[in-house]
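Have a look at data_2.cif below; it lists mmCIF, N, CA and C atoms.
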data_my_file
#
loop_
_atom_site.label_atom_id
_atom_site.label_comp_id
_atom_site.auth_asym_id
_atom_site.auth_seq_id
_atom_site.Cartn_x
_atom_site.Cartn_y
_atom_site.Cartn_z
N MET A 281 16.46 4.15 4.35
CA MET A 281 15.40 3.57 5.14
C MET A 281 16.00 2.58 6.13
N LYS A 282 15.24 2.27 7.16
CA LYS A 282 15.69 1.33 8.20
C LYS A 282 15.25 -0.09 7.86
N ALA A 283 16.10 -1.05 8.22
CA ALA A 283 15.79 -2.47 8.07
C ALA A 283 16.43 -3.21 9.23
N LEU A 284 15.77 -4.26 9.68
CA LEU A 284 16.32 -5.12 10.72
C LEU A 284 16.88 -6.35 10.00
N HIS A 285 18.21 -6.40 9.89
CA HIS A 285 18.85 -7.42 9.07
C HIS A 285 19.42 -8.58 9.86
N SER A 286 19.32 -9.74 9.25
CA SER A 286 20.03 -10.91 9.72
C SER A 286 21.38 -10.89 9.01
N ILE A 287 22.42 -10.65 9.80
CA ILE A 287 23.77 -10.54 9.26
C ILE A 287 24.52 -11.86 9.42
N GLU A 288 24.19 -12.57 10.50
CA GLU A 288 24.85 -13.85 10.79
C GLU A 288 23.80 -14.83 11.32
N VAL A 289 24.13 -16.10 11.26
CA VAL A 289 23.23 -17.14 11.74
C VAL A 289 23.06 -17.01 13.26
N GLY A 290 21.82 -17.10 13.73
CA GLY A 290 21.58 -17.04 15.16
C GLY A 290 20.17 -16.59 15.47
N GLY A 291 19.91 -16.33 16.73
CA GLY A 291 18.60 -15.92 17.20
C GLY A 291 18.35 -14.44 17.00
N PRO A 292 17.25 -13.95 17.58
CA PRO A 292 16.89 -12.53 17.44
C PRO A 292 17.98 -11.57 17.90
N GLU A 293 18.79 -11.99 18.84
CA GLU A 293 19.86 -11.12 19.35
C GLU A 293 20.91 -10.80 18.29
N THR A 294 20.94 -11.56 17.20
CA THR A 294 21.93 -11.32 16.15
C THR A 294 21.44 -10.31 15.10
N LEU A 295 20.16 -9.93 15.16
CA LEU A 295 19.63 -8.98 14.18
C LEU A 295 20.19 -7.59 14.42
N GLN A 296 20.43 -6.85 13.34
CA GLN A 296 21.01 -5.51 13.44
C GLN A 296 20.16 -4.51 12.67
N LEU A 297 19.91 -3.36 13.28
CA LEU A 297 19.19 -2.27 12.62
C LEU A 297 20.17 -1.52 11.73
N VAL A 298 19.85 -1.48 10.43
CA VAL A 298 20.76 -0.87 9.46
C VAL A 298 20.01 0.12 8.57
N ASP A 299 20.76 0.99 7.93
CA ASP A 299 20.22 1.89 6.91
C ASP A 299 20.56 1.30 5.54
N ILE A 300 19.55 1.19 4.67
CA ILE A 300 19.75 0.69 3.32
C ILE A 300 19.00 1.61 2.36
N PRO A 301 19.38 1.59 1.08
CA PRO A 301 18.67 2.43 0.10
C PRO A 301 17.22 1.96 -0.09
N ASP A 302 16.34 2.90 -0.44
CA ASP A 302 14.97 2.54 -0.78
C ASP A 302 14.98 1.64 -2.02
N PRO A 303 14.19 0.59 -2.02
CA PRO A 303 14.10 -0.26 -3.21
C PRO A 303 13.30 0.43 -4.32
N VAL A 304 13.50 -0.03 -5.54
CA VAL A 304 12.79 0.50 -6.70
C VAL A 304 12.04 -0.65 -7.35
N PRO A 305 10.72 -0.49 -7.58
CA PRO A 305 9.97 -1.61 -8.15
C PRO A 305 10.35 -1.90 -9.60
N GLY A 306 10.50 -3.18 -9.89
CA GLY A 306 10.75 -3.61 -11.26
C GLY A 306 9.43 -3.91 -11.95
N PRO A 307 9.49 -4.41 -13.16
CA PRO A 307 8.26 -4.76 -13.88
C PRO A 307 7.43 -5.77 -13.08
N GLY A 308 6.13 -5.48 -12.96
CA GLY A 308 5.23 -6.38 -12.25
C GLY A 308 5.27 -6.27 -10.75
N GLU A 309 6.05 -5.33 -10.22
CA GLU A 309 6.18 -5.16 -8.78
C GLU A 309 5.56 -3.85 -8.31
N VAL A 310 5.27 -3.80 -7.02
CA VAL A 310 4.85 -2.56 -6.38
C VAL A 310 5.81 -2.26 -5.24
N LEU A 311 6.05 -0.98 -5.01
CA LEU A 311 6.81 -0.54 -3.84
C LEU A 311 5.80 -0.25 -2.75
N VAL A 312 6.00 -0.83 -1.58
CA VAL A 312 5.07 -0.62 -0.47
C VAL A 312 5.79 -0.08 0.74
N LYS A 313 5.04 0.67 1.56
CA LYS A 313 5.51 1.12 2.86
C LYS A 313 4.88 0.18 3.88
N VAL A 314 5.71 -0.48 4.67
CA VAL A 314 5.23 -1.48 5.62
C VAL A 314 4.56 -0.81 6.82
N ALA A 315 3.35 -1.26 7.13
CA ALA A 315 2.62 -0.78 8.31
C ALA A 315 2.75 -1.77 9.45
N GLY A 316 2.78 -3.06 9.12
CA GLY A 316 2.88 -4.10 10.14
C GLY A 316 3.54 -5.33 9.56
N CYS A 317 4.23 -6.06 10.42
CA CYS A 317 4.89 -7.30 10.01
C CYS A 317 4.67 -8.32 11.11
N ALA A 318 4.00 -9.41 10.79
CA ALA A 318 3.80 -10.48 11.76
C ALA A 318 5.09 -11.29 11.89
N ILE A 319 5.39 -11.71 13.11
CA ILE A 319 6.55 -12.55 13.36
C ILE A 319 6.03 -13.93 13.74
N ASN A 320 6.43 -14.93 12.99
CA ASN A 320 5.94 -16.28 13.17
C ASN A 320 7.09 -17.25 13.44
N TYR A 321 6.73 -18.46 13.80
CA TYR A 321 7.72 -19.50 14.07
C TYR A 321 8.74 -19.66 12.93
N PRO A 322 8.30 -19.70 11.66
CA PRO A 322 9.29 -19.83 10.58
C PRO A 322 10.32 -18.70 10.54
N ASP A 323 9.95 -17.50 11.00
CA ASP A 323 10.91 -16.39 10.97
C ASP A 323 12.13 -16.68 11.82
N GLN A 324 11.92 -17.28 13.00
CA GLN A 324 13.07 -17.58 13.84
C GLN A 324 13.86 -18.76 13.27
N LEU A 325 13.21 -19.65 12.53
CA LEU A 325 13.95 -20.74 11.88
C LEU A 325 14.81 -20.20 10.74
N VAL A 326 14.26 -19.24 9.98
CA VAL A 326 14.99 -18.67 8.85
C VAL A 326 16.29 -18.02 9.31
N ILE A 327 16.25 -17.23 10.37
CA ILE A 327 17.46 -16.53 10.81
C ILE A 327 18.48 -17.48 11.44
N ARG A 328 18.04 -18.68 11.79
CA ARG A 328 18.96 -19.70 12.34
C ARG A 328 19.41 -20.70 11.27
N ASP A 329 19.02 -20.45 10.01
CA ASP A 329 19.31 -21.37 8.89
C ASP A 329 18.73 -22.76 9.11
N LEU A 330 17.56 -22.82 9.72
CA LEU A 330 16.91 -24.10 9.99
C LEU A 330 15.62 -24.29 9.19
N TYR A 331 15.35 -23.40 8.23
CA TYR A 331 14.12 -23.48 7.45
C TYR A 331 14.43 -24.09 6.08
N GLN A 332 13.39 -24.36 5.28
CA GLN A 332 13.56 -25.01 3.98
C GLN A 332 14.40 -24.19 3.00
N PHE A 333 14.40 -22.88 3.15
CA PHE A 333 15.20 -22.02 2.28
C PHE A 333 16.09 -21.15 3.15
N ARG A 334 17.16 -20.68 2.55
CA ARG A 334 18.10 -19.82 3.27
C ARG A 334 18.39 -18.59 2.41
N PRO A 335 17.75 -17.47 2.74
CA PRO A 335 18.03 -16.25 1.97
C PRO A 335 19.50 -15.85 2.09
N VAL A 336 19.98 -15.21 1.05
CA VAL A 336 21.36 -14.71 1.08
C VAL A 336 21.42 -13.55 2.06
N ARG A 337 22.38 -13.59 2.96
CA ARG A 337 22.56 -12.51 3.93
C ARG A 337 23.32 -11.36 3.29
N PRO A 338 23.07 -10.16 3.73
CA PRO A 338 22.10 -9.77 4.76
C PRO A 338 20.69 -9.76 4.18
N PHE A 339 19.70 -10.03 5.04
CA PHE A 339 18.30 -9.96 4.65
C PHE A 339 17.48 -9.60 5.87
N ALA A 340 16.31 -9.05 5.61
CA ALA A 340 15.37 -8.74 6.68
C ALA A 340 14.38 -9.89 6.79
N PRO A 341 14.24 -10.51 7.96
CA PRO A 341 13.21 -11.53 8.11
C PRO A 341 11.82 -10.88 8.10
N GLY A 342 10.81 -11.68 8.21
CA GLY A 342 9.44 -11.18 8.24
C GLY A 342 8.69 -11.59 7.00
N GLY A 343 7.89 -12.65 7.10
CA GLY A 343 7.26 -13.23 5.94
C GLY A 343 5.83 -12.84 5.67
N GLU A 344 5.26 -11.97 6.50
CA GLU A 344 3.85 -11.60 6.31
C GLU A 344 3.70 -10.14 6.73
N VAL A 345 3.19 -9.32 5.80
CA VAL A 345 3.15 -7.88 6.02
C VAL A 345 1.82 -7.26 5.62
N SER A 346 1.58 -6.08 6.15
CA SER A 346 0.50 -5.21 5.67
C SER A 346 1.16 -3.88 5.30
N CYS A 347 0.64 -3.25 4.25
CA CYS A 347 1.36 -2.11 3.66
C CYS A 347 0.41 -1.16 2.95
N THR A 348 0.99 -0.04 2.54
CA THR A 348 0.33 0.91 1.64
C THR A 348 1.20 1.02 0.39
N ILE A 349 0.58 0.94 -0.76
CA ILE A 349 1.33 1.02 -2.02
C ILE A 349 1.83 2.45 -2.22
N GLU A 350 3.13 2.58 -2.51
CA GLU A 350 3.75 3.89 -2.77
C GLU A 350 4.09 4.12 -4.23
N ALA A 351 4.37 3.05 -4.98
CA ALA A 351 4.72 3.20 -6.40
C ALA A 351 4.43 1.89 -7.13
N LEU A 352 4.15 2.02 -8.42
CA LEU A 352 3.85 0.86 -9.25
C LEU A 352 4.97 0.66 -10.26
N GLY A 353 5.39 -0.58 -10.41
CA GLY A 353 6.35 -0.90 -11.46
C GLY A 353 5.65 -1.01 -12.80
N GLU A 354 6.44 -1.08 -13.84
CA GLU A 354 5.92 -1.18 -15.20
C GLU A 354 5.00 -2.39 -15.34
N GLY A 355 3.87 -2.17 -15.98
CA GLY A 355 2.95 -3.26 -16.28
C GLY A 355 1.99 -3.65 -15.18
N VAL A 356 2.06 -2.99 -14.03
CA VAL A 356 1.16 -3.33 -12.92
C VAL A 356 -0.21 -2.72 -13.19
N GLU A 357 -1.24 -3.57 -13.15
CA GLU A 357 -2.61 -3.11 -13.36
C GLU A 357 -3.47 -3.57 -12.20
N GLY A 358 -4.54 -2.83 -11.94
CA GLY A 358 -5.48 -3.22 -10.90
C GLY A 358 -5.13 -2.72 -9.51
N TRP A 359 -4.03 -2.02 -9.39
CA TRP A 359 -3.60 -1.46 -8.11
C TRP A 359 -3.29 0.02 -8.31
N SER A 360 -3.42 0.77 -7.21
CA SER A 360 -3.14 2.21 -7.26
C SER A 360 -2.30 2.62 -6.06
N VAL A 361 -1.56 3.71 -6.24
CA VAL A 361 -0.83 4.29 -5.11
C VAL A 361 -1.85 4.61 -4.02
N GLY A 362 -1.54 4.23 -2.79
CA GLY A 362 -2.44 4.46 -1.66
C GLY A 362 -3.27 3.25 -1.28
N ASP A 363 -3.34 2.24 -2.15
CA ASP A 363 -4.10 1.03 -1.81
C ASP A 363 -3.50 0.36 -0.58
N ARG A 364 -4.38 -0.17 0.26
CA ARG A 364 -3.98 -0.90 1.47
C ARG A 364 -3.94 -2.38 1.13
N VAL A 365 -2.79 -3.01 1.40
CA VAL A 365 -2.60 -4.39 0.99
C VAL A 365 -1.91 -5.20 2.08
N ALA A 366 -2.00 -6.52 1.94
CA ALA A 366 -1.24 -7.45 2.76
C ALA A 366 -0.60 -8.45 1.80
N ALA A 367 0.45 -9.13 2.25
CA ALA A 367 1.12 -10.08 1.37
C ALA A 367 1.97 -11.05 2.17
N ILE A 368 2.19 -12.21 1.57
CA ILE A 368 3.19 -13.16 2.08
C ILE A 368 4.46 -12.84 1.31
N THR A 369 5.50 -12.50 2.05
CA THR A 369 6.75 -12.09 1.42
C THR A 369 7.87 -13.13 1.57
N ILE A 370 7.68 -14.12 2.42
CA ILE A 370 8.67 -15.13 2.77
C ILE A 370 9.74 -14.52 3.67
N TYR A 371 10.34 -13.41 3.25
CA TYR A 371 11.24 -12.61 4.09
C TYR A 371 11.22 -11.19 3.55
N GLY A 372 11.80 -10.25 4.30
CA GLY A 372 11.85 -8.86 3.86
C GLY A 372 10.90 -7.93 4.58
N GLY A 373 10.03 -8.46 5.42
CA GLY A 373 9.01 -7.64 6.06
C GLY A 373 9.50 -6.70 7.14
N LEU A 374 10.66 -6.98 7.72
CA LEU A 374 11.16 -6.12 8.80
C LEU A 374 12.05 -5.02 8.24
N GLN A 375 11.47 -4.27 7.31
CA GLN A 375 12.10 -3.07 6.80
C GLN A 375 11.00 -2.10 6.44
N GLU A 376 11.35 -0.83 6.32
CA GLU A 376 10.34 0.21 6.13
C GLU A 376 9.62 0.10 4.80
N LYS A 377 10.32 -0.31 3.76
CA LYS A 377 9.73 -0.42 2.43
C LYS A 377 10.28 -1.68 1.76
N LEU A 378 9.49 -2.24 0.86
CA LEU A 378 9.98 -3.34 0.05
C LEU A 378 9.18 -3.43 -1.24
N CYS A 379 9.72 -4.15 -2.18
CA CYS A 379 9.04 -4.39 -3.45
C CYS A 379 8.45 -5.80 -3.42
N ILE A 380 7.20 -5.90 -3.86
CA ILE A 380 6.47 -7.16 -3.86
C ILE A 380 5.86 -7.36 -5.24
N ALA A 381 5.90 -8.58 -5.75
CA ALA A 381 5.22 -8.89 -7.01
C ALA A 381 3.73 -8.62 -6.84
N ALA A 382 3.14 -7.92 -7.79
CA ALA A 382 1.74 -7.50 -7.68
C ALA A 382 0.80 -8.68 -7.50
N GLU A 383 1.12 -9.83 -8.08
CA GLU A 383 0.22 -10.97 -7.95
C GLU A 383 0.19 -11.57 -6.55
N ARG A 384 1.10 -11.15 -5.68
CA ARG A 384 1.12 -11.66 -4.31
C ARG A 384 0.28 -10.81 -3.35
N LEU A 385 -0.28 -9.71 -3.83
CA LEU A 385 -1.00 -8.77 -2.96
C LEU A 385 -2.42 -9.22 -2.67
N LEU A 386 -2.88 -8.91 -1.46
CA LEU A 386 -4.26 -9.10 -1.04
C LEU A 386 -4.79 -7.74 -0.59
N ARG A 387 -5.98 -7.38 -1.00
CA ARG A 387 -6.56 -6.12 -0.55
C ARG A 387 -6.94 -6.22 0.92
N VAL A 388 -6.69 -5.14 1.65
CA VAL A 388 -7.13 -5.04 3.04
C VAL A 388 -8.42 -4.22 3.04
N PRO A 389 -9.53 -4.83 3.44
CA PRO A 389 -10.81 -4.12 3.43
C PRO A 389 -10.81 -2.93 4.38
N GLU A 390 -11.58 -1.90 4.02
CA GLU A 390 -11.78 -0.76 4.91
C GLU A 390 -12.35 -1.28 6.23
N GLY A 391 -12.03 -0.62 7.31
CA GLY A 391 -12.52 -1.03 8.62
C GLY A 391 -11.60 -1.99 9.34
N ILE A 392 -10.61 -2.55 8.63
CA ILE A 392 -9.62 -3.42 9.26
C ILE A 392 -8.36 -2.59 9.49
N ASP A 393 -7.89 -2.57 10.73
CA ASP A 393 -6.68 -1.84 11.07
C ASP A 393 -5.52 -2.37 10.24
N LEU A 394 -4.80 -1.48 9.58
CA LEU A 394 -3.73 -1.91 8.68
C LEU A 394 -2.63 -2.67 9.42
N ALA A 395 -2.24 -2.21 10.59
CA ALA A 395 -1.19 -2.91 11.33
C ALA A 395 -1.65 -4.32 11.72
N GLU A 396 -2.92 -4.45 12.11
CA GLU A 396 -3.44 -5.76 12.48
C GLU A 396 -3.61 -6.68 11.27
N ALA A 397 -3.76 -6.11 10.09
CA ALA A 397 -3.93 -6.91 8.88
C ALA A 397 -2.67 -7.69 8.51
N ALA A 398 -1.57 -7.38 9.15
CA ALA A 398 -0.32 -8.10 8.86
C ALA A 398 -0.45 -9.59 9.13
N VAL A 399 -1.33 -9.98 10.03
CA VAL A 399 -1.48 -11.40 10.36
C VAL A 399 -2.48 -12.10 9.45
N MET A 400 -3.07 -11.39 8.52
CA MET A 400 -4.12 -11.96 7.68
C MET A 400 -3.64 -13.09 6.76
N PRO A 401 -2.54 -12.95 6.03
CA PRO A 401 -2.19 -13.98 5.05
C PRO A 401 -1.78 -15.33 5.63
N ILE A 402 -1.03 -15.37 6.71
CA ILE A 402 -0.53 -16.64 7.24
C ILE A 402 -1.14 -16.96 8.60
N SER A 403 -0.94 -16.10 9.57
CA SER A 403 -1.35 -16.39 10.94
C SER A 403 -2.85 -16.64 11.05
N HIS A 404 -3.65 -15.75 10.47
CA HIS A 404 -5.10 -15.89 10.54
C HIS A 404 -5.55 -17.17 9.82
N MET A 405 -5.02 -17.40 8.64
CA MET A 405 -5.42 -18.58 7.88
C MET A 405 -4.98 -19.86 8.57
N THR A 406 -3.82 -19.85 9.22
CA THR A 406 -3.36 -21.02 9.97
C THR A 406 -4.30 -21.31 11.12
N ALA A 407 -4.71 -20.28 11.85
CA ALA A 407 -5.64 -20.46 12.97
C ALA A 407 -6.99 -20.97 12.47
N LEU A 408 -7.47 -20.42 11.35
CA LEU A 408 -8.73 -20.86 10.78
C LEU A 408 -8.65 -22.33 10.36
N TYR A 409 -7.56 -22.70 9.73
CA TYR A 409 -7.35 -24.10 9.34
C TYR A 409 -7.34 -25.00 10.58
N ALA A 410 -6.64 -24.57 11.62
CA ALA A 410 -6.56 -25.38 12.85
C ALA A 410 -7.94 -25.59 13.45
N LEU A 411 -8.75 -24.56 13.50
CA LEU A 411 -10.09 -24.67 14.07
C LEU A 411 -11.01 -25.55 13.22
N ARG A 412 -11.00 -25.32 11.91
CA ARG A 412 -11.94 -26.03 11.04
C ARG A 412 -11.50 -27.45 10.72
N ASP A 413 -10.27 -27.59 10.28
CA ASP A 413 -9.81 -28.89 9.80
C ASP A 413 -9.30 -29.79 10.93
N ARG A 414 -8.33 -29.29 11.65
CA ARG A 414 -7.72 -30.11 12.70
C ARG A 414 -8.62 -30.20 13.95
N GLY A 415 -9.25 -29.10 14.30
CA GLY A 415 -10.12 -29.10 15.48
C GLY A 415 -11.52 -29.61 15.20
N GLN A 416 -11.85 -29.69 13.92
CA GLN A 416 -13.15 -30.16 13.47
C GLN A 416 -14.31 -29.46 14.18
N THR A 417 -14.18 -28.14 14.35
CA THR A 417 -15.26 -27.40 14.98
C THR A 417 -16.50 -27.41 14.10
N ARG A 418 -17.66 -27.48 14.74
CA ARG A 418 -18.94 -27.55 14.04
C ARG A 418 -19.94 -26.65 14.76
N ALA A 419 -20.98 -26.27 14.05
CA ALA A 419 -22.05 -25.48 14.67
C ALA A 419 -22.63 -26.24 15.85
N GLY A 420 -22.89 -25.54 16.94
CA GLY A 420 -23.49 -26.17 18.13
C GLY A 420 -22.48 -26.81 19.03
#
Would you mind writing the structure in this file as structure tokens?
Amino acid sequence: MKALHSIEVGGPETLQLVDIPDPVPGPGEVLVKVAGCAINYPDQLVIRDLYQFRPVRPFAPGGEVSCTIEALGEGVEGWSVGDRVAAITIYGGLQEKLCIAAERLLRVPEGIDLAEAAVMPISHMTALYALRDRGQTRAG
């Protein structure tokens, strides 16, 4: 499968498209096929080693994804192959498939475009917080 990896510290120009083996879900995980990956400010900090955590290289950036479940790891309940989901992954979203802990998944409702749902966990909630809390928007 294809992945866009951060091989060295730097900006987006340092990312490299590589072939890596498909991941296999462990206990409590699901294997998903990525439909969309939102790119946010923290993603560019992570690849520059300027964020609170530094993943071991090589790694694929991309902390918020929308996906379709392809396989269930041992002990996963409440999810099925084919379910449409979104998740905060911290990193790993810029690859074709990844394994995510089942408890991190959010269902994507029917009628919402799966690729657009990638912004649901972080970007959408950040904008909603900004409008309600920081912007103090009110009716009228």
Task: Within 6.5 Å of file point (6.7, -13.2, 4.2), counting all atoms listed in the file, expressed as number ranges by chain - done: A: 342-345, 367-373
What do you get, as an mmCIF file with N, CA and C atoms, in the coordinates of the input, if you spell out every residue that the PyMOL selection byres (((chain A and resi 331-336 and name CA) around 12) and name CA) selects here?
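expr-v3.cif, freshly written:
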data_model
loop_
_atom_site.group_PDB
_atom_site.id
_atom_site.type_symbol
_atom_site.label_atom_id
_atom_site.label_comp_id
_atom_site.auth_asym_id
_atom_site.auth_seq_id
_atom_site.Cartn_x
_atom_site.Cartn_y
_atom_site.Cartn_z
ATOM 1 N N HIS A 285 18.210 -6.400 9.890
ATOM 2 C CA HIS A 285 18.850 -7.420 9.070
ATOM 3 C C HIS A 285 19.420 -8.580 9.860
ATOM 4 N N SER A 286 19.320 -9.740 9.250
ATOM 5 C CA SER A 286 20.030 -10.910 9.720
ATOM 6 C C SER A 286 21.380 -10.890 9.010
ATOM 7 N N ILE A 287 22.420 -10.650 9.800
ATOM 8 C CA ILE A 287 23.770 -10.540 9.260
ATOM 9 C C ILE A 287 24.520 -11.860 9.420
ATOM 10 N N GLU A 288 24.190 -12.570 10.500
ATOM 11 C CA GLU A 288 24.850 -13.850 10.790
ATOM 12 C C GLU A 288 23.800 -14.830 11.320
ATOM 13 N N VAL A 289 24.130 -16.100 11.260
ATOM 14 C CA VAL A 289 23.230 -17.140 11.740
ATOM 15 C C VAL A 289 23.060 -17.010 13.260
ATOM 16 N N TYR A 321 6.730 -18.460 13.800
ATOM 17 C CA TYR A 321 7.720 -19.500 14.070
ATOM 18 C C TYR A 321 8.740 -19.660 12.930
ATOM 19 N N PRO A 322 8.300 -19.700 11.660
ATOM 20 C CA PRO A 322 9.290 -19.830 10.580
ATOM 21 C C PRO A 322 10.320 -18.700 10.540
ATOM 22 N N ASP A 323 9.950 -17.500 11.000
ATOM 23 C CA ASP A 323 10.910 -16.390 10.970
ATOM 24 C C ASP A 323 12.130 -16.680 11.820
ATOM 25 N N GLN A 324 11.920 -17.280 13.000
ATOM 26 C CA GLN A 324 13.070 -17.580 13.840
ATOM 27 C C GLN A 324 13.860 -18.760 13.270
ATOM 28 N N LEU A 325 13.210 -19.650 12.530
ATOM 29 C CA LEU A 325 13.950 -20.740 11.880
ATOM 30 C C LEU A 325 14.810 -20.200 10.740
ATOM 31 N N VAL A 326 14.260 -19.240 9.980
ATOM 32 C CA VAL A 326 14.990 -18.670 8.850
ATOM 33 C C VAL A 326 16.290 -18.020 9.310
ATOM 34 N N ILE A 327 16.250 -17.230 10.370
ATOM 35 C CA ILE A 327 17.460 -16.530 10.810
ATOM 36 C C ILE A 327 18.480 -17.480 11.440
ATOM 37 N N ARG A 328 18.040 -18.680 11.790
ATOM 38 C CA ARG A 328 18.960 -19.700 12.340
ATOM 39 C C ARG A 328 19.410 -20.700 11.270
ATOM 40 N N ASP A 329 19.020 -20.450 10.010
ATOM 41 C CA ASP A 329 19.310 -21.370 8.890
ATOM 42 C C ASP A 329 18.730 -22.760 9.110
ATOM 43 N N LEU A 330 17.560 -22.820 9.720
ATOM 44 C CA LEU A 330 16.910 -24.100 9.990
ATOM 45 C C LEU A 330 15.620 -24.290 9.190
ATOM 46 N N ARG A 337 22.380 -13.590 2.960
ATOM 47 C CA ARG A 337 22.560 -12.510 3.930
ATOM 48 C C ARG A 337 23.320 -11.360 3.290
ATOM 49 N N PRO A 338 23.070 -10.160 3.730
ATOM 50 C CA PRO A 338 22.100 -9.770 4.760
ATOM 51 C C PRO A 338 20.690 -9.760 4.180
ATOM 52 N N PHE A 339 19.700 -10.030 5.040
ATOM 53 C CA PHE A 339 18.300 -9.960 4.650
ATOM 54 C C PHE A 339 17.480 -9.600 5.870
ATOM 55 N N ALA A 340 16.310 -9.050 5.610
ATOM 56 C CA ALA A 340 15.370 -8.740 6.680
ATOM 57 C C ALA A 340 14.380 -9.890 6.790
ATOM 58 N N PRO A 341 14.240 -10.510 7.960
ATOM 59 C CA PRO A 341 13.210 -11.530 8.110
ATOM 60 C C PRO A 341 11.820 -10.880 8.100
ATOM 61 N N GLY A 342 10.810 -11.680 8.210
ATOM 62 C CA GLY A 342 9.440 -11.180 8.240
ATOM 63 C C GLY A 342 8.690 -11.590 7.000
ATOM 64 N N GLY A 343 7.890 -12.650 7.100
ATOM 65 C CA GLY A 343 7.260 -13.230 5.940
ATOM 66 C C GLY A 343 5.830 -12.840 5.670
ATOM 67 N N ILE A 370 7.680 -14.120 2.420
ATOM 68 C CA ILE A 370 8.670 -15.130 2.770
ATOM 69 C C ILE A 370 9.740 -14.520 3.670
ATOM 70 N N TYR A 371 10.340 -13.410 3.250
ATOM 71 C CA TYR A 371 11.240 -12.610 4.090
ATOM 72 C C TYR A 371 11.220 -11.190 3.550
ATOM 73 N N GLY A 372 11.800 -10.250 4.300
ATOM 74 C CA GLY A 372 11.850 -8.860 3.860
ATOM 75 C C GLY A 372 10.900 -7.930 4.580
#
TODO: Could you please determine the separation between CA of Leu352 (chain A) and CA of Met405 (chain A) in Å, to one decimal place?
DONE: 27.5 Å
TODO: Would you mind writing down, as a PyMOL selection string, each residue of chain A that DSSP on the backbone assigns to strand (DSSP E)?
DONE: chain A and resi 282-286+295-299+309-318+344-352+364-368+377-381+385-387
Using all atoms listed in the file, which residues sit within 7 Å of region 293-310 of chain A once same-chain residues fewer than 6 positions away are excluded, as a compact mmCIF listing (two decimals) with N, CA and C atoms, in the frame of the given file?
# COMPACT_ATOMS: atom_id res chain seq x y z
N MET A 281 16.46 4.15 4.35
CA MET A 281 15.40 3.57 5.14
C MET A 281 16.00 2.58 6.13
N LYS A 282 15.24 2.27 7.16
CA LYS A 282 15.69 1.33 8.20
C LYS A 282 15.25 -0.09 7.86
N ALA A 283 16.10 -1.05 8.22
CA ALA A 283 15.79 -2.47 8.07
C ALA A 283 16.43 -3.21 9.23
N LEU A 284 15.77 -4.26 9.68
CA LEU A 284 16.32 -5.12 10.72
C LEU A 284 16.88 -6.35 10.00
N HIS A 285 18.21 -6.40 9.89
CA HIS A 285 18.85 -7.42 9.07
C HIS A 285 19.42 -8.58 9.86
N SER A 286 19.32 -9.74 9.25
CA SER A 286 20.03 -10.91 9.72
C SER A 286 21.38 -10.89 9.01
N ILE A 287 22.42 -10.65 9.80
CA ILE A 287 23.77 -10.54 9.26
C ILE A 287 24.52 -11.86 9.42
N ILE A 349 0.58 0.94 -0.76
CA ILE A 349 1.33 1.02 -2.02
C ILE A 349 1.83 2.45 -2.22
N GLU A 350 3.13 2.58 -2.51
CA GLU A 350 3.75 3.89 -2.77
C GLU A 350 4.09 4.12 -4.23
N ALA A 351 4.37 3.05 -4.98
CA ALA A 351 4.72 3.20 -6.40
C ALA A 351 4.43 1.89 -7.13
N LEU A 352 4.15 2.02 -8.42
CA LEU A 352 3.85 0.86 -9.25
C LEU A 352 4.97 0.66 -10.26
N GLY A 353 5.39 -0.58 -10.41
CA GLY A 353 6.35 -0.90 -11.46
C GLY A 353 5.65 -1.01 -12.80
N GLU A 354 6.44 -1.08 -13.84
CA GLU A 354 5.92 -1.18 -15.20
C GLU A 354 5.00 -2.39 -15.34
N GLY A 355 3.87 -2.17 -15.98
CA GLY A 355 2.95 -3.26 -16.28
C GLY A 355 1.99 -3.65 -15.18
N VAL A 356 2.06 -2.99 -14.03
CA VAL A 356 1.16 -3.33 -12.92
C VAL A 356 -0.21 -2.72 -13.19
N LYS A 377 10.32 -0.31 3.76
CA LYS A 377 9.73 -0.42 2.43
C LYS A 377 10.28 -1.68 1.76
N LEU A 378 9.49 -2.24 0.86
CA LEU A 378 9.98 -3.34 0.05
C LEU A 378 9.18 -3.43 -1.24
N CYS A 379 9.72 -4.15 -2.18
CA CYS A 379 9.04 -4.39 -3.45
C CYS A 379 8.45 -5.80 -3.42
N ILE A 380 7.20 -5.90 -3.86
CA ILE A 380 6.47 -7.16 -3.86
C ILE A 380 5.86 -7.36 -5.24
N ALA A 381 5.90 -8.58 -5.75
CA ALA A 381 5.22 -8.89 -7.01
C ALA A 381 3.73 -8.62 -6.84
N ALA A 382 3.14 -7.92 -7.79
CA ALA A 382 1.74 -7.50 -7.68
C ALA A 382 0.80 -8.68 -7.50
N GLU A 383 1.12 -9.83 -8.08
CA GLU A 383 0.22 -10.97 -7.95
C GLU A 383 0.19 -11.57 -6.55
With 6 Å added on each side, what axis-aligned box encloses every listed atom of region 313-321 of chain A? Give the centre and edge lengths in Å to one decimal, as JSON.
{"center_x": 5.7, "center_y": -9.3, "center_z": 7.8, "size_x": 18.1, "size_y": 32.8, "size_z": 24.5}
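In this structure, CA of Leu385 (chain A) sits 12.9 Å away from atom N of Val361 (chain A).
A straight line drawn from CA of Lys313 (chain A) to CA of Ser403 (chain A) is 20.5 Å long.
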TODO: List the residues matched by the PyMOL selection byres ((chain A and resi 388-396) around 5) in the displayed structure as an MDAnalysis selection string, ordered by chain and then by residue number.
DONE: chainID A and resid 315:316 364:366 386:387 397:399
